[in-house]
Amino acid sequence: MDVAVLVSPAAGRGRARGWADVVLAELTSAGLRPQVLPAVTGAEAEVQTRAAVSGGAAAVVAVGGDGTAHAALQAIAGTGTPLGLVPAGTGNDLALALGVPADARAATRALADDLRAGAARTLDAGRVGERWWATVLCCGFDSAVTDRANRLRWPRGRRRYDVAVLLELARLRPYEITLGLDGEVRTVPATMIAVGNTAWYGGGLRICPGADPADGLFDVTVVGPTSRGELIRTRPRLADGTHVEHPSVSVFRASRVELACPGVTTYADGEPVAPLPVVVECVPGALTVVGTARA
């Protein structure tokens, strides 16, 4: 069967590109016919993946991180065409949530085995307008940090994000966000809001620890007003999800989430989605995956 392989040349500082030959060899030895998509940008990746799916590709294999999976998702969501993940990016939160082997060779063998056996899992996906996402959609402090980092021209790499955090901490304030949960609307002062289809974001931070991508509902984590010091002290607790026990944090569940606040942007899977206001819908069974741990 023909399998489209989307390799992000930049993911993991070139690590995905380094694993490409191994992935292709493993797929070929499993009796599959891999076809590499020569995309360089995210926009090219989406166009080429859509063409591959409409052309009859039996699956799409995303070699990279969450951004690579996000690009592939725009083509495969709702089609029944399965997505296989080979985690080779800086952030591999979707792979982490789905129990994909961390080793690229093992991940490729697992998804190839599933494809040959006709085994797959069907999961929920989030949607904002025509944009699909799979992990966490966030707005507020974290999205402001990402906006700021994208505007900075110095320093380069990870340090640019660290500088953006410091700059946004200096102007920390709660946002007055209109939040609708399955039609129940309220205005809440919030440092940030995370809408989780899965638990992890930000490279292993368990922001929505109870999220289940197969239950038809989002977990919505609302971090209320907090001081700079308290935000810094609490942030390490995101690693194990115990931040939800903090008195300023509330968790809700809903299948449809409305968010509105002037000047605020949303990001999902680490990628920009849309400025507020947005309507976020959980679409049951929209995502088919292979090579993951069984629920």
# chains A, B, ... in the order shown; residues from 1 in each chain; ligands from 1
call {"tool": "residues_around", "arguments": {"residues": "stretch 237-244 of chain A", "least_positions_apart": "6", "cutoff": "12 Å", "atoms": "only C-alpha atoms", "output": "count of residues only"}}
result
25
call {"tool": "select_by_dssp", "arguments": {"residues": "stretch 49-159 of chain A", "states": "helix (DSSP H, G or I)", "output": "PyMOL selection string"}}
result
chain A and resi 49-54+66-76+93-98+104-117+141-151+158-159
call {"tool": "write_last_selection", "arguments": {"atoms": "N, CA and C atoms", "output": "CSV table (one decimal), in the first residue's frame"}}
result
chain,number,residue,atom,x,y,z
A,49,THR,N,-0.1,17.1,1.5
A,49,THR,CA,-0.7,16.0,2.2
A,49,THR,C,-2.2,15.8,1.8
A,50,ARG,N,-2.9,16.9,1.5
A,50,ARG,CA,-4.2,16.8,1.0
A,50,ARG,C,-4.2,16.1,-0.4
A,51,ALA,N,-3.3,16.4,-1.2
A,51,ALA,CA,-3.2,15.8,-2.5
A,51,ALA,C,-2.9,14.3,-2.4
A,52,ALA,N,-2.0,13.9,-1.5
A,52,ALA,CA,-1.7,12.5,-1.3
A,52,ALA,C,-2.9,11.7,-0.8
A,53,VAL,N,-3.7,12.3,0.1
A,53,VAL,CA,-4.9,11.7,0.6
A,53,VAL,C,-5.9,11.5,-0.4
A,54,SER,N,-6.2,12.6,-1.2
A,54,SER,CA,-7.2,12.5,-2.3
A,54,SER,C,-6.7,11.6,-3.4
A,66,ASP,N,5.0,18.2,16.9
A,66,ASP,CA,3.5,18.5,16.9
A,66,ASP,C,3.2,19.4,15.7
A,67,GLY,N,4.1,20.2,15.3
A,67,GLY,CA,3.8,21.1,14.1
A,67,GLY,C,3.6,20.2,12.8
A,68,THR,N,4.4,19.2,12.7
A,68,THR,CA,4.3,18.3,11.5
A,68,THR,C,3.0,17.5,11.6
A,69,ALA,N,2.6,17.0,12.8
A,69,ALA,CA,1.3,16.3,12.9
A,69,ALA,C,0.2,17.3,12.7
A,70,HIS,N,0.3,18.5,13.1
A,70,HIS,CA,-0.8,19.5,12.9
A,70,HIS,C,-1.0,19.7,11.4
A,71,ALA,N,0.1,19.8,10.6
A,71,ALA,CA,-0.1,20.0,9.2
A,71,ALA,C,-0.8,18.8,8.6
A,72,ALA,N,-0.4,17.6,8.9
A,72,ALA,CA,-1.0,16.4,8.4
A,72,ALA,C,-2.4,16.3,8.8
A,73,LEU,N,-2.8,16.8,10.0
A,73,LEU,CA,-4.1,16.7,10.5
A,73,LEU,C,-5.1,17.5,9.6
A,74,GLN,N,-4.7,18.6,9.0
A,74,GLN,CA,-5.6,19.4,8.2
A,74,GLN,C,-6.1,18.6,7.0
A,75,ALA,N,-5.3,17.6,6.6
A,75,ALA,CA,-5.7,16.8,5.4
A,75,ALA,C,-6.4,15.5,5.8
A,76,ILE,N,-6.1,14.9,6.9
A,76,ILE,CA,-6.7,13.6,7.2
A,76,ILE,C,-7.9,13.6,8.2
A,93,ASP,N,4.2,16.2,21.9
A,93,ASP,CA,3.1,16.0,22.9
A,93,ASP,C,2.0,15.1,22.4
A,94,LEU,N,1.7,15.1,21.2
A,94,LEU,CA,0.6,14.2,20.7
A,94,LEU,C,1.1,12.8,20.8
A,95,ALA,N,2.4,12.5,20.4
A,95,ALA,CA,3.0,11.2,20.5
A,95,ALA,C,3.0,10.7,21.9
A,96,LEU,N,3.4,11.6,22.8
A,96,LEU,CA,3.4,11.3,24.2
A,96,LEU,C,2.0,10.9,24.7
A,97,ALA,N,1.0,11.7,24.4
A,97,ALA,CA,-0.4,11.4,24.8
A,97,ALA,C,-0.9,10.1,24.3
A,98,LEU,N,-0.5,9.7,23.1
A,98,LEU,CA,-1.0,8.5,22.5
A,98,LEU,C,-0.2,7.2,22.7
A,104,ALA,N,12.5,6.4,17.1
A,104,ALA,CA,11.9,6.6,15.8
A,104,ALA,C,11.8,5.2,15.1
A,105,ARG,N,12.8,4.4,15.2
A,105,ARG,CA,12.7,3.1,14.6
A,105,ARG,C,11.5,2.2,15.1
A,106,ALA,N,11.4,2.2,16.5
A,106,ALA,CA,10.3,1.5,17.1
A,106,ALA,C,9.0,2.0,16.7
A,107,ALA,N,8.9,3.4,16.6
A,107,ALA,CA,7.6,4.0,16.3
A,107,ALA,C,7.2,3.6,14.9
A,108,THR,N,8.2,3.6,13.9
A,108,THR,CA,7.9,3.2,12.5
A,108,THR,C,7.4,1.8,12.5
A,109,ARG,N,8.1,0.9,13.2
A,109,ARG,CA,7.7,-0.5,13.1
A,109,ARG,C,6.3,-0.7,13.7
A,110,ALA,N,6.0,0.0,14.8
A,110,ALA,CA,4.7,-0.1,15.4
A,110,ALA,C,3.6,0.4,14.4
A,111,LEU,N,3.7,1.5,13.7
A,111,LEU,CA,2.7,1.9,12.8
A,111,LEU,C,2.6,1.0,11.6
A,112,ALA,N,3.8,0.5,11.1
A,112,ALA,CA,3.7,-0.4,10.0
A,112,ALA,C,3.0,-1.7,10.3
A,113,ASP,N,3.2,-2.2,11.6
A,113,ASP,CA,2.5,-3.4,12.0
A,113,ASP,C,1.0,-3.2,12.0
A,114,ASP,N,0.6,-2.0,12.5
A,114,ASP,CA,-0.8,-1.7,12.6
A,114,ASP,C,-1.4,-1.6,11.1
A,115,LEU,N,-0.7,-1.0,10.2
A,115,LEU,CA,-1.2,-0.8,8.9
A,115,LEU,C,-1.4,-2.2,8.2
A,116,ARG,N,-0.4,-3.0,8.4
A,116,ARG,CA,-0.5,-4.4,7.8
A,116,ARG,C,-1.6,-5.2,8.4
A,117,ALA,N,-1.9,-5.0,9.7
A,117,ALA,CA,-2.9,-5.7,10.4
A,117,ALA,C,-4.3,-5.1,10.2
A,141,PHE,N,-1.8,34.1,28.8
A,141,PHE,CA,-0.4,34.3,29.1
A,141,PHE,C,0.5,33.6,28.1
A,142,ASP,N,0.2,32.3,27.9
A,142,ASP,CA,1.1,31.4,27.1
A,142,ASP,C,1.0,31.9,25.6
A,143,SER,N,-0.2,32.2,25.1
A,143,SER,CA,-0.3,32.7,23.7
A,143,SER,C,0.4,34.1,23.6
A,144,ALA,N,0.3,34.9,24.6
A,144,ALA,CA,1.0,36.2,24.6
A,144,ALA,C,2.5,36.0,24.5
A,145,VAL,N,3.0,35.0,25.2
A,145,VAL,CA,4.5,34.7,25.2
A,145,VAL,C,4.9,34.3,23.8
A,146,THR,N,4.1,33.4,23.2
A,146,THR,CA,4.4,33.0,21.8
A,146,THR,C,4.3,34.1,20.8
A,147,ASP,N,3.3,34.9,20.9
A,147,ASP,CA,3.2,36.1,20.1
A,147,ASP,C,4.5,37.0,20.2
A,148,ARG,N,4.9,37.2,21.4
A,148,ARG,CA,6.1,38.1,21.7
A,148,ARG,C,7.3,37.4,21.1
A,149,ALA,N,7.5,36.1,21.3
A,149,ALA,CA,8.7,35.4,20.8
A,149,ALA,C,8.7,35.5,19.3
A,150,ASN,N,7.6,35.4,18.7
A,150,ASN,CA,7.5,35.4,17.2
A,150,ASN,C,7.9,36.8,16.7
A,151,ARG,N,7.7,37.8,17.5
A,151,ARG,CA,8.1,39.2,17.1
A,151,ARG,C,9.6,39.5,17.3
A,158,ARG,N,16.0,28.8,21.7
A,158,ARG,CA,15.2,28.7,22.9
A,158,ARG,C,15.2,30.0,23.8
A,159,ARG,N,16.4,30.6,23.7
A,159,ARG,CA,16.6,31.8,24.6
A,159,ARG,C,15.6,32.9,24.2
call {"tool": "select_by_dssp", "arguments": {"residues": "stretch 46-225 of chain A", "states": "strand (DSSP E or B)", "output": "NGL selection string"}}
result
:A and (59-64 or 83-87 or 121-128 or 131-133 or 136-140 or 175-181 or 184-190 or 192-196 or 201 or 205 or 218-223)
call {"tool": "residues_around", "arguments": {"residues": "stretch 257-259 of chain A", "least_positions_apart": "2", "cutoff": "8 Å", "atoms": "only C-alpha atoms", "output": "list in words"}}
result
Ile177, Thr178, Leu179, Gly180, Leu181, Asp182, Ala254, Ser255, Cys261, Leu276, Pro277, Val278, Val279, Val280 and Glu281 of chain A
call {"tool": "residues_around", "arguments": {"residues": "A:Asp212", "least_positions_apart": "3", "cutoff": "9 Å", "atoms": "only C-alpha atoms", "output": "list in words"}}
result
Asp124, Gly196, Asn197, Thr198, Ala199, Pro209, Asp215, Gly216, Leu217, Phe218 and Asp219 of chain A
call {"tool": "write_last_selection", "arguments": {"atoms": "C-alpha atoms", "output": "PDB file, in the first residue's frame"}}
result
ATOM      1  CA  ASP A 124     -11.564  12.957  18.915  1.00  0.00           C
ATOM      2  CA  GLY A 196      -7.410  20.023  26.199  1.00  0.00           C
ATOM      3  CA  ASN A 197      -8.240  17.165  23.859  1.00  0.00           C
ATOM      4  CA  THR A 198      -5.154  15.459  25.282  1.00  0.00           C
ATOM      5  CA  ALA A 199      -3.223  16.223  28.448  1.00  0.00           C
ATOM      6  CA  PRO A 209      -4.140  16.078  33.177  1.00  0.00           C
ATOM      7  CA  ASP A 215     -14.614  10.692  25.430  1.00  0.00           C
ATOM      8  CA  GLY A 216     -16.166  13.386  23.227  1.00  0.00           C
ATOM      9  CA  LEU A 217     -15.322  16.167  25.693  1.00  0.00           C
ATOM     10  CA  PHE A 218     -12.589  18.721  26.278  1.00  0.00           C
ATOM     11  CA  ASP A 219     -11.013  19.362  29.653  1.00  0.00           C
TER      12      ASP A 219
END
call {"tool": "atom_distance", "arguments": {"atom1": "atom CA of A:Ala190", "atom2": "atom CA of A:Gly140"}}
result
7.5 Å
call {"tool": "residues_around", "arguments": {"residues": "stretch 33-39 of chain A", "least_positions_apart": "6", "cutoff": "7 Å", "atoms": "only C-alpha atoms", "output": "list in words"}}
result
Met1, Asp2, Val3, Ala4, Val5, Leu6, Leu24, Leu27, Ala45 and Gln48 of chain A
call {"tool": "write_last_selection", "arguments": {"atoms": "all heavy atoms", "output": "PDB file, in the first residue's frame"}}
result
ATOM      1  N   MET A   1       0.838  -1.190   0.000  1.00  0.00           N
ATOM      2  CA  MET A   1       0.000   0.000   0.000  1.00  0.00           C
ATOM      3  C   MET A   1       0.873   1.239   0.000  1.00  0.00           C
ATOM      4  O   MET A   1       1.981   1.236   0.539  1.00  0.00           O
ATOM      5  CB  MET A   1      -0.934  -0.006   1.216  1.00  0.00           C
ATOM      6  CG  MET A   1      -0.248   0.032   2.558  1.00  0.00           C
ATOM      7  SD  MET A   1      -1.395   0.009   3.979  1.00  0.00           S
ATOM      8  CE  MET A   1      -1.932  -1.708   3.922  1.00  0.00           C
ATOM      9  N   ASP A   2       0.399   2.299  -0.633  1.00  0.00           N
ATOM     10  CA  ASP A   2       1.138   3.559  -0.704  1.00  0.00           C
ATOM     11  C   ASP A   2       0.944   4.350   0.581  1.00  0.00           C
ATOM     12  O   ASP A   2      -0.182   4.508   1.068  1.00  0.00           O
ATOM     13  CB  ASP A   2       0.642   4.402  -1.886  1.00  0.00           C
ATOM     14  CG  ASP A   2       0.993   3.771  -3.227  1.00  0.00           C
ATOM     15  OD1 ASP A   2       2.069   3.167  -3.315  1.00  0.00           O
ATOM     16  OD2 ASP A   2       0.184   3.887  -4.165  1.00  0.00           O
ATOM     17  N   VAL A   3       2.050   4.839   1.121  1.00  0.00           N
ATOM     18  CA  VAL A   3       2.043   5.607   2.363  1.00  0.00           C
ATOM     19  C   VAL A   3       2.746   6.932   2.109  1.00  0.00           C
ATOM     20  O   VAL A   3       3.897   6.955   1.641  1.00  0.00           O
ATOM     21  CB  VAL A   3       2.748   4.843   3.501  1.00  0.00           C
ATOM     22  CG1 VAL A   3       2.807   5.699   4.758  1.00  0.00           C
ATOM     23  CG2 VAL A   3       2.041   3.526   3.782  1.00  0.00           C
ATOM     24  N   ALA A   4       2.057   8.054   2.397  1.00  0.00           N
ATOM     25  CA  ALA A   4       2.673   9.372   2.267  1.00  0.00           C
ATOM     26  C   ALA A   4       3.496   9.657   3.508  1.00  0.00           C
ATOM     27  O   ALA A   4       3.027   9.457   4.636  1.00  0.00           O
ATOM     28  CB  ALA A   4       1.603  10.440   2.077  1.00  0.00           C
ATOM     29  N   VAL A   5       4.729  10.124   3.315  1.00  0.00           N
ATOM     30  CA  VAL A   5       5.635  10.406   4.433  1.00  0.00           C
ATOM     31  C   VAL A   5       5.959  11.893   4.423  1.00  0.00           C
ATOM     32  O   VAL A   5       6.579  12.403   3.490  1.00  0.00           O
ATOM     33  CB  VAL A   5       6.927   9.569   4.332  1.00  0.00           C
ATOM     34  CG1 VAL A   5       7.830   9.862   5.528  1.00  0.00           C
ATOM     35  CG2 VAL A   5       6.602   8.083   4.267  1.00  0.00           C
ATOM     36  N   LEU A   6       5.527  12.555   5.477  1.00  0.00           N
ATOM     37  CA  LEU A   6       5.770  13.994   5.622  1.00  0.00           C
ATOM     38  C   LEU A   6       6.911  14.190   6.599  1.00  0.00           C
ATOM     39  O   LEU A   6       6.791  13.842   7.778  1.00  0.00           O
ATOM     40  CB  LEU A   6       4.501  14.676   6.127  1.00  0.00           C
ATOM     41  CG  LEU A   6       4.553  16.195   6.321  1.00  0.00           C
ATOM     42  CD1 LEU A   6       4.847  16.901   5.007  1.00  0.00           C
ATOM     43  CD2 LEU A   6       3.234  16.694   6.911  1.00  0.00           C
ATOM     44  N   LEU A  24      12.037   5.400   6.078  1.00  0.00           N
ATOM     45  CA  LEU A  24      11.731   4.870   4.746  1.00  0.00           C
ATOM     46  C   LEU A  24      12.164   3.412   4.627  1.00  0.00           C
ATOM     47  O   LEU A  24      11.446   2.582   4.049  1.00  0.00           O
ATOM     48  CB  LEU A  24      12.425   5.714   3.681  1.00  0.00           C
ATOM     49  CG  LEU A  24      11.967   7.171   3.570  1.00  0.00           C
ATOM     50  CD1 LEU A  24      12.790   7.917   2.519  1.00  0.00           C
ATOM     51  CD2 LEU A  24      10.484   7.252   3.228  1.00  0.00           C
ATOM     52  N   LEU A  27       9.670   1.193   6.592  1.00  0.00           N
ATOM     53  CA  LEU A  27       8.394   1.062   5.900  1.00  0.00           C
ATOM     54  C   LEU A  27       8.519   0.136   4.690  1.00  0.00           C
ATOM     55  O   LEU A  27       7.657  -0.717   4.443  1.00  0.00           O
ATOM     56  CB  LEU A  27       7.893   2.438   5.454  1.00  0.00           C
ATOM     57  CG  LEU A  27       7.481   3.409   6.562  1.00  0.00           C
ATOM     58  CD1 LEU A  27       7.179   4.788   5.972  1.00  0.00           C
ATOM     59  CD2 LEU A  27       6.271   2.884   7.324  1.00  0.00           C
ATOM     60  N   ALA A  45       3.200  21.627   3.251  1.00  0.00           N
ATOM     61  CA  ALA A  45       2.886  20.328   3.848  1.00  0.00           C
ATOM     62  C   ALA A  45       1.392  20.044   3.799  1.00  0.00           C
ATOM     63  O   ALA A  45       0.967  18.927   3.474  1.00  0.00           O
ATOM     64  CB  ALA A  45       3.390  20.281   5.287  1.00  0.00           C
ATOM     65  N   GLN A  48       0.343  19.389   0.041  1.00  0.00           N
ATOM     66  CA  GLN A  48       0.830  18.115  -0.479  1.00  0.00           C
ATOM     67  C   GLN A  48       0.179  16.928   0.221  1.00  0.00           C
ATOM     68  O   GLN A  48      -0.084  15.889  -0.406  1.00  0.00           O
ATOM     69  CB  GLN A  48       2.346  18.060  -0.345  1.00  0.00           C
ATOM     70  CG  GLN A  48       3.060  19.055  -1.245  1.00  0.00           C
ATOM     71  CD  GLN A  48       4.548  19.110  -1.006  1.00  0.00           C
ATOM     72  OE1 GLN A  48       5.136  18.186  -0.423  1.00  0.00           O
ATOM     73  NE2 GLN A  48       5.182  20.192  -1.436  1.00  0.00           N
TER      74      GLN A  48
END
call {"tool": "closest_residue", "arguments": {"among": "A:Glu26, A:Trp19, A:Tyr267, A:Gly99", "to": "A:Gly64", "atoms": "only C-alpha atoms"}}
result
A:Trp19
call {"tool": "closest_residue", "arguments": {"among": "A:Pro213, A:Gly263, A:Met192, A:Val61", "to": "A:Ser248", "atoms": "only C-alpha atoms"}}
result
A:Met192
call {"tool": "closest_residue", "arguments": {"among": "A:Glu44, A:Ala77, A:Gly84, A:Arg253", "to": "A:Ala59", "atoms": "only C-alpha atoms"}}
result
A:Gly84
call {"tool": "atom_distance", "arguments": {"atom1": "atom CA of A:Arg127", "atom2": "atom CA of A:Gly78"}}
result
10.8 Å
